[in-house]
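Before any comments, here is the structure.
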Amino acid sequence: MLFPESWVPSSHGACAMMRRMMAMVAMSACALVPAGAQSGLSSIDTRVSLFLADGNTYTATPPENTPPGGGFAPLAINLLAGTGRVLTLSAEGSSFFCQNNQCLASTPDGPSIGNTNINSSGRIAGLNAASSGFLAALFLDDGLPLTAPERLTIPSIDFLTLSPLLGQTFFVGNGTTSGGVTQQFFVPDGATRLYFGIVDGGSFQGEPGFYGDNQGAYRVSYNVSAVPEPGTFGLLASGVVGLAFLRRRRA
């Protein structure tokens with residue numbers, strides 16, 4: 001921020017001007033603190049099916065294996081209302097997913113058995129992803145969509161950002177790229193609930209189901225917060241520059 005010579009305050013008014021600049025910087029800094037941030041910890045049994053969220057029912061009844069092949073309903077995490085929100089997380093743990101009496105280990109990123117290509121079911125979208133046995137998530141508002149939205153296709157799990165729609169299951173994994181960079185999942189406006197669970201099926205293909213022989217759980221630490229408006233950073237920078245200028249003039 002440049003100040004014309006005629007505008008440079010006298011020593012008498014410099015203190016007052018500096019106080020105003022300091023107030024502006026303080027307000028800008030406060031604006032950078034995310035409003036309505038919330039965080040929590042959760043343990044996700046790998047028999048939890050995202051397709052049972054909010055009472056959704058399967059389009060095709062899953063085959064029975066004990067415990068229930070259709071899995072268990074996920075618990076809802078109630079979200080504070082807002083726009084411009086982002087989900088970040090950190091997940092750990094190991095689980096086993098079985099096929100033809102062979103059980104393979106998986107982390108929150110997977111992979112367990114090849115890729116995932118699960119159909120939509122009821123009013124919740126399926127998922128096509130380049131891994132399997134991973135931790136997944138789902139956003140809903142106060143109800144289910146009228147119809148299942150289009151499935152997401154995730155050709156690589158090494159992405160930086162993802163913007164799922166309400167009713168779309170999506171990969172979250174351990175919350176970071178292979179290089180350790182935190183991944184950001186943009187929360188759709190209107191979302192009031194977050195669910196964590198698994199997207200499973202026979203060899204992770206076709207209709208969802210076959211949850212009964214999954215073993216283990218993933219532990220997830222999550223945070224949902226608002227993203228500061230870009231203009232806020234500019235306001236803070238202007239205030240800092242102006243304050244430094246006034247201090248130099250007084251010196």
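Convention: chains lettered A, B, ... in structure tokens order; per-chain residue numbering from 1; ligands numbered from 1 as shown.
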Any chance you could tabulate, as JSON lines, the residues of stretch 160-222 of chain A at most 8 Å from stretch 43-56 of chain A with each one's nearest atom pair and distance in Å to one decimal, using only C-alpha atoms, in chain and rising number order?
{"residue": "A:Thr169", "atom": "CA", "partner": "A:Leu50", "partner_atom": "CA", "distance": 7.3}
{"residue": "A:Tyr195", "atom": "CA", "partner": "A:Leu50", "partner_atom": "CA", "distance": 7.2}
{"residue": "A:Phe196", "atom": "CA", "partner": "A:Ile44", "partner_atom": "CA", "distance": 6.9}
{"residue": "A:Gly197", "atom": "CA", "partner": "A:Val48", "partner_atom": "CA", "distance": 5.2}
{"residue": "A:Ile198", "atom": "CA", "partner": "A:Ser49", "partner_atom": "CA", "distance": 5.4}
{"residue": "A:Val199", "atom": "CA", "partner": "A:Ser49", "partner_atom": "CA", "distance": 6.5}
{"residue": "A:Asp200", "atom": "CA", "partner": "A:Ser49", "partner_atom": "CA", "distance": 7.5}
{"residue": "A:Pro208", "atom": "CA", "partner": "A:Phe51", "partner_atom": "CA", "distance": 7.8}
{"residue": "A:Tyr211", "atom": "CA", "partner": "A:Arg47", "partner_atom": "CA", "distance": 5.0}
{"residue": "A:Gly212", "atom": "CA", "partner": "A:Arg47", "partner_atom": "CA", "distance": 6.4}
{"residue": "A:Asp213", "atom": "CA", "partner": "A:Arg47", "partner_atom": "CA", "distance": 7.9}
{"residue": "A:Asn214", "atom": "CA", "partner": "A:Arg47", "partner_atom": "CA", "distance": 5.8}
{"residue": "A:Gln215", "atom": "CA", "partner": "A:Thr46", "partner_atom": "CA", "distance": 6.4}
{"residue": "A:Gly216", "atom": "CA", "partner": "A:Thr46", "partner_atom": "CA", "distance": 6.0}
{"residue": "A:Ala217", "atom": "CA", "partner": "A:Asp45", "partner_atom": "CA", "distance": 4.3}
{"residue": "A:Tyr218", "atom": "CA", "partner": "A:Ile44", "partner_atom": "CA", "distance": 5.1}
{"residue": "A:Arg219", "atom": "CA", "partner": "A:Ser43", "partner_atom": "CA", "distance": 4.4}
{"residue": "A:Val220", "atom": "CA", "partner": "A:Ser43", "partner_atom": "CA", "distance": 6.3}
How would the residues just picked look written out with N, CA and C atoms as a compact mmCIF listing (two decimals), in the first residue's frame?
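What follows is the written file selection.txt:
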# COMPACT_ATOMS: atom_id res chain seq x y z
N THR A 169 -21.05 -41.46 -2.58
CA THR A 169 -19.98 -42.05 -1.79
C THR A 169 -18.64 -41.63 -2.41
N TYR A 195 -21.00 -39.16 7.02
CA TYR A 195 -20.92 -40.58 7.37
C TYR A 195 -19.58 -41.14 6.89
N PHE A 196 -19.00 -42.03 7.69
CA PHE A 196 -17.83 -42.81 7.28
C PHE A 196 -18.23 -44.28 7.21
N GLY A 197 -17.65 -45.01 6.26
CA GLY A 197 -17.96 -46.42 6.12
C GLY A 197 -17.16 -47.03 4.98
N ILE A 198 -17.68 -48.14 4.47
CA ILE A 198 -17.00 -48.92 3.44
C ILE A 198 -17.92 -49.07 2.23
N VAL A 199 -17.31 -49.11 1.05
CA VAL A 199 -18.02 -49.43 -0.20
C VAL A 199 -17.56 -50.82 -0.62
N ASP A 200 -18.43 -51.81 -0.45
CA ASP A 200 -18.02 -53.21 -0.64
C ASP A 200 -19.00 -53.93 -1.55
N PRO A 208 -23.64 -53.63 -4.17
CA PRO A 208 -23.02 -53.61 -2.84
C PRO A 208 -23.47 -54.79 -1.98
N TYR A 211 -20.47 -57.71 3.14
CA TYR A 211 -19.82 -57.07 4.29
C TYR A 211 -19.53 -58.05 5.43
N GLY A 212 -20.22 -59.20 5.44
CA GLY A 212 -20.19 -60.07 6.60
C GLY A 212 -18.85 -60.67 6.95
N ASP A 213 -17.95 -60.82 5.97
CA ASP A 213 -16.66 -61.45 6.26
C ASP A 213 -15.53 -60.43 6.43
N ASN A 214 -15.87 -59.15 6.49
CA ASN A 214 -14.85 -58.13 6.73
C ASN A 214 -14.42 -58.16 8.19
N GLN A 215 -13.15 -57.89 8.43
CA GLN A 215 -12.61 -57.92 9.79
C GLN A 215 -11.77 -56.68 10.04
N GLY A 216 -11.97 -56.07 11.21
CA GLY A 216 -11.12 -54.95 11.59
C GLY A 216 -11.86 -53.63 11.57
N ALA A 217 -11.10 -52.55 11.80
CA ALA A 217 -11.68 -51.21 11.87
C ALA A 217 -10.62 -50.18 11.52
N TYR A 218 -11.09 -49.02 11.07
CA TYR A 218 -10.22 -47.88 10.82
C TYR A 218 -10.54 -46.80 11.85
N ARG A 219 -9.52 -46.10 12.29
CA ARG A 219 -9.69 -44.98 13.23
C ARG A 219 -9.43 -43.69 12.50
N VAL A 220 -10.36 -42.77 12.61
CA VAL A 220 -10.27 -41.52 11.84
C VAL A 220 -10.41 -40.32 12.76
Sorted per-residue table, stretch 77-114 of chain A near stretch 124-143 of chain A, closest atoms and distance, 8 Å, only C-alpha atoms, as JSON lines:
{"residue": "A:Phe97", "atom": "CA", "partner": "A:Gly133", "partner_atom": "CA", "distance": 6.9}
{"residue": "A:Ser106", "atom": "CA", "partner": "A:Gly133", "partner_atom": "CA", "distance": 6.0}
{"residue": "A:Thr107", "atom": "CA", "partner": "A:Phe134", "partner_atom": "CA", "distance": 6.6}
{"residue": "A:Pro108", "atom": "CA", "partner": "A:Phe134", "partner_atom": "CA", "distance": 4.7}
{"residue": "A:Asp109", "atom": "CA", "partner": "A:Phe134", "partner_atom": "CA", "distance": 4.9}
{"residue": "A:Gly110", "atom": "CA", "partner": "A:Phe134", "partner_atom": "CA", "distance": 4.6}
{"residue": "A:Pro111", "atom": "CA", "partner": "A:Ser132", "partner_atom": "CA", "distance": 4.9}
{"residue": "A:Ser112", "atom": "CA", "partner": "A:Gly133", "partner_atom": "CA", "distance": 5.2}
{"residue": "A:Ile113", "atom": "CA", "partner": "A:Ser132", "partner_atom": "CA", "distance": 6.0}
{"residue": "A:Gly114", "atom": "CA", "partner": "A:Ser131", "partner_atom": "CA", "distance": 6.1}
Atoms kept (C-alpha atoms) for selection, written as a PDB file, in the first residue's frame:
ATOM      1  CA  PHE A  97     -11.317 -58.366   3.316  1.00  0.00           C
ATOM      2  CA  SER A 106      -5.920 -53.408   3.792  1.00  0.00           C
ATOM      3  CA  THR A 107      -5.099 -49.959   5.199  1.00  0.00           C
ATOM      4  CA  PRO A 108      -7.456 -46.944   5.003  1.00  0.00           C
ATOM      5  CA  ASP A 109      -6.015 -46.351   1.503  1.00  0.00           C
ATOM      6  CA  GLY A 110      -6.435 -49.998   0.465  1.00  0.00           C
ATOM      7  CA  PRO A 111      -5.779 -51.808  -1.758  1.00  0.00           C
ATOM      8  CA  SER A 112      -7.315 -55.083  -0.732  1.00  0.00           C
ATOM      9  CA  ILE A 113      -8.461 -56.792  -3.929  1.00  0.00           C
ATOM     10  CA  GLY A 114      -7.967 -54.796  -7.136  1.00  0.00           C
TER      11      GLY A 114
END
Using only C-alpha atoms, pick whichever of A:Thr116, A:Ser178, A:Gln38, A:Val227 has the shortest atom-to-atom distance to A:Pro155.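 Ranking A:Thr116, A:Ser178, A:Gln38, A:Val227 by distance to A:Pro155, first place goes to A:Thr116.
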With only C-alpha atoms as the atoms that count, which of A:Leu41, A:Ala73, A:Ile157, A:Leu166 lies nearest to A:Asn115?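 Comparing A:Leu41, A:Ala73, A:Ile157, A:Leu166 against A:Asn115, the winner is A:Ile157.
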Pick from A:Gly167, A:Gly84, A:Gly201, A:Pro68, whichever lies nearest to A:Gln99 using only C-alpha atoms: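 With only C-alpha atoms as the atom set, the closest residue is A:Gly201.
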Could you please write out, as a ChimeraX atom specification, every residue of stretch 53-202 of chain A that DSSP assigns to strand (DSSP E)? /A:77-78,85-92,95-99,102-106,116-118,127-129,136-140,152-154,161-162,170-171,184-186,193-197
Near-A:Gly179 list (12 Å; only C-alpha atoms; drop same-chain fewer than 6 positions) as a PDB file with all heavy atoms, in the first residue's frame:
ATOM      1  N   ILE A 157      -5.968 -42.356  -6.445  1.00  0.00           N
ATOM      2  CA  ILE A 157      -6.259 -41.905  -5.093  1.00  0.00           C
ATOM      3  C   ILE A 157      -5.263 -40.847  -4.642  1.00  0.00           C
ATOM      4  O   ILE A 157      -5.327 -40.364  -3.512  1.00  0.00           O
ATOM      5  CB  ILE A 157      -6.272 -43.089  -4.099  1.00  0.00           C
ATOM      6  CG1 ILE A 157      -4.885 -43.744  -4.003  1.00  0.00           C
ATOM      7  CG2 ILE A 157      -7.332 -44.109  -4.499  1.00  0.00           C
ATOM      8  CD1 ILE A 157      -4.792 -44.821  -2.934  1.00  0.00           C
ATOM      9  N   ASP A 158      -4.353 -40.441  -5.519  1.00  0.00           N
ATOM     10  CA  ASP A 158      -3.307 -39.476  -5.180  1.00  0.00           C
ATOM     11  C   ASP A 158      -3.713 -38.066  -5.619  1.00  0.00           C
ATOM     12  O   ASP A 158      -2.939 -37.374  -6.287  1.00  0.00           O
ATOM     13  CB  ASP A 158      -1.991 -39.882  -5.832  1.00  0.00           C
ATOM     14  CG  ASP A 158      -0.798 -39.650  -4.922  1.00  0.00           C
ATOM     15  OD1 ASP A 158      -0.996 -39.545  -3.706  1.00  0.00           O
ATOM     16  OD2 ASP A 158       0.331 -39.561  -5.444  1.00  0.00           O
ATOM     17  N   PHE A 159      -4.902 -37.635  -5.254  1.00  0.00           N
ATOM     18  CA  PHE A 159      -5.400 -36.313  -5.639  1.00  0.00           C
ATOM     19  C   PHE A 159      -5.237 -35.336  -4.488  1.00  0.00           C
ATOM     20  O   PHE A 159      -5.027 -35.726  -3.331  1.00  0.00           O
ATOM     21  CB  PHE A 159      -6.876 -36.409  -6.045  1.00  0.00           C
ATOM     22  CG  PHE A 159      -7.758 -37.023  -4.984  1.00  0.00           C
ATOM     23  CD1 PHE A 159      -8.265 -36.263  -3.937  1.00  0.00           C
ATOM     24  CD2 PHE A 159      -8.083 -38.379  -5.018  1.00  0.00           C
ATOM     25  CE1 PHE A 159      -9.066 -36.832  -2.955  1.00  0.00           C
ATOM     26  CE2 PHE A 159      -8.879 -38.948  -4.035  1.00  0.00           C
ATOM     27  CZ  PHE A 159      -9.367 -38.172  -3.008  1.00  0.00           C
ATOM     28  N   LEU A 160      -5.385 -34.039  -4.791  1.00  0.00           N
ATOM     29  CA  LEU A 160      -5.271 -33.002  -3.762  1.00  0.00           C
ATOM     30  C   LEU A 160      -6.625 -32.569  -3.223  1.00  0.00           C
ATOM     31  O   LEU A 160      -6.767 -32.303  -2.025  1.00  0.00           O
ATOM     32  CB  LEU A 160      -4.513 -31.792  -4.306  1.00  0.00           C
ATOM     33  CG  LEU A 160      -3.032 -32.009  -4.612  1.00  0.00           C
ATOM     34  CD1 LEU A 160      -2.437 -30.745  -5.225  1.00  0.00           C
ATOM     35  CD2 LEU A 160      -2.271 -32.397  -3.351  1.00  0.00           C
TER      36      LEU A 160
END
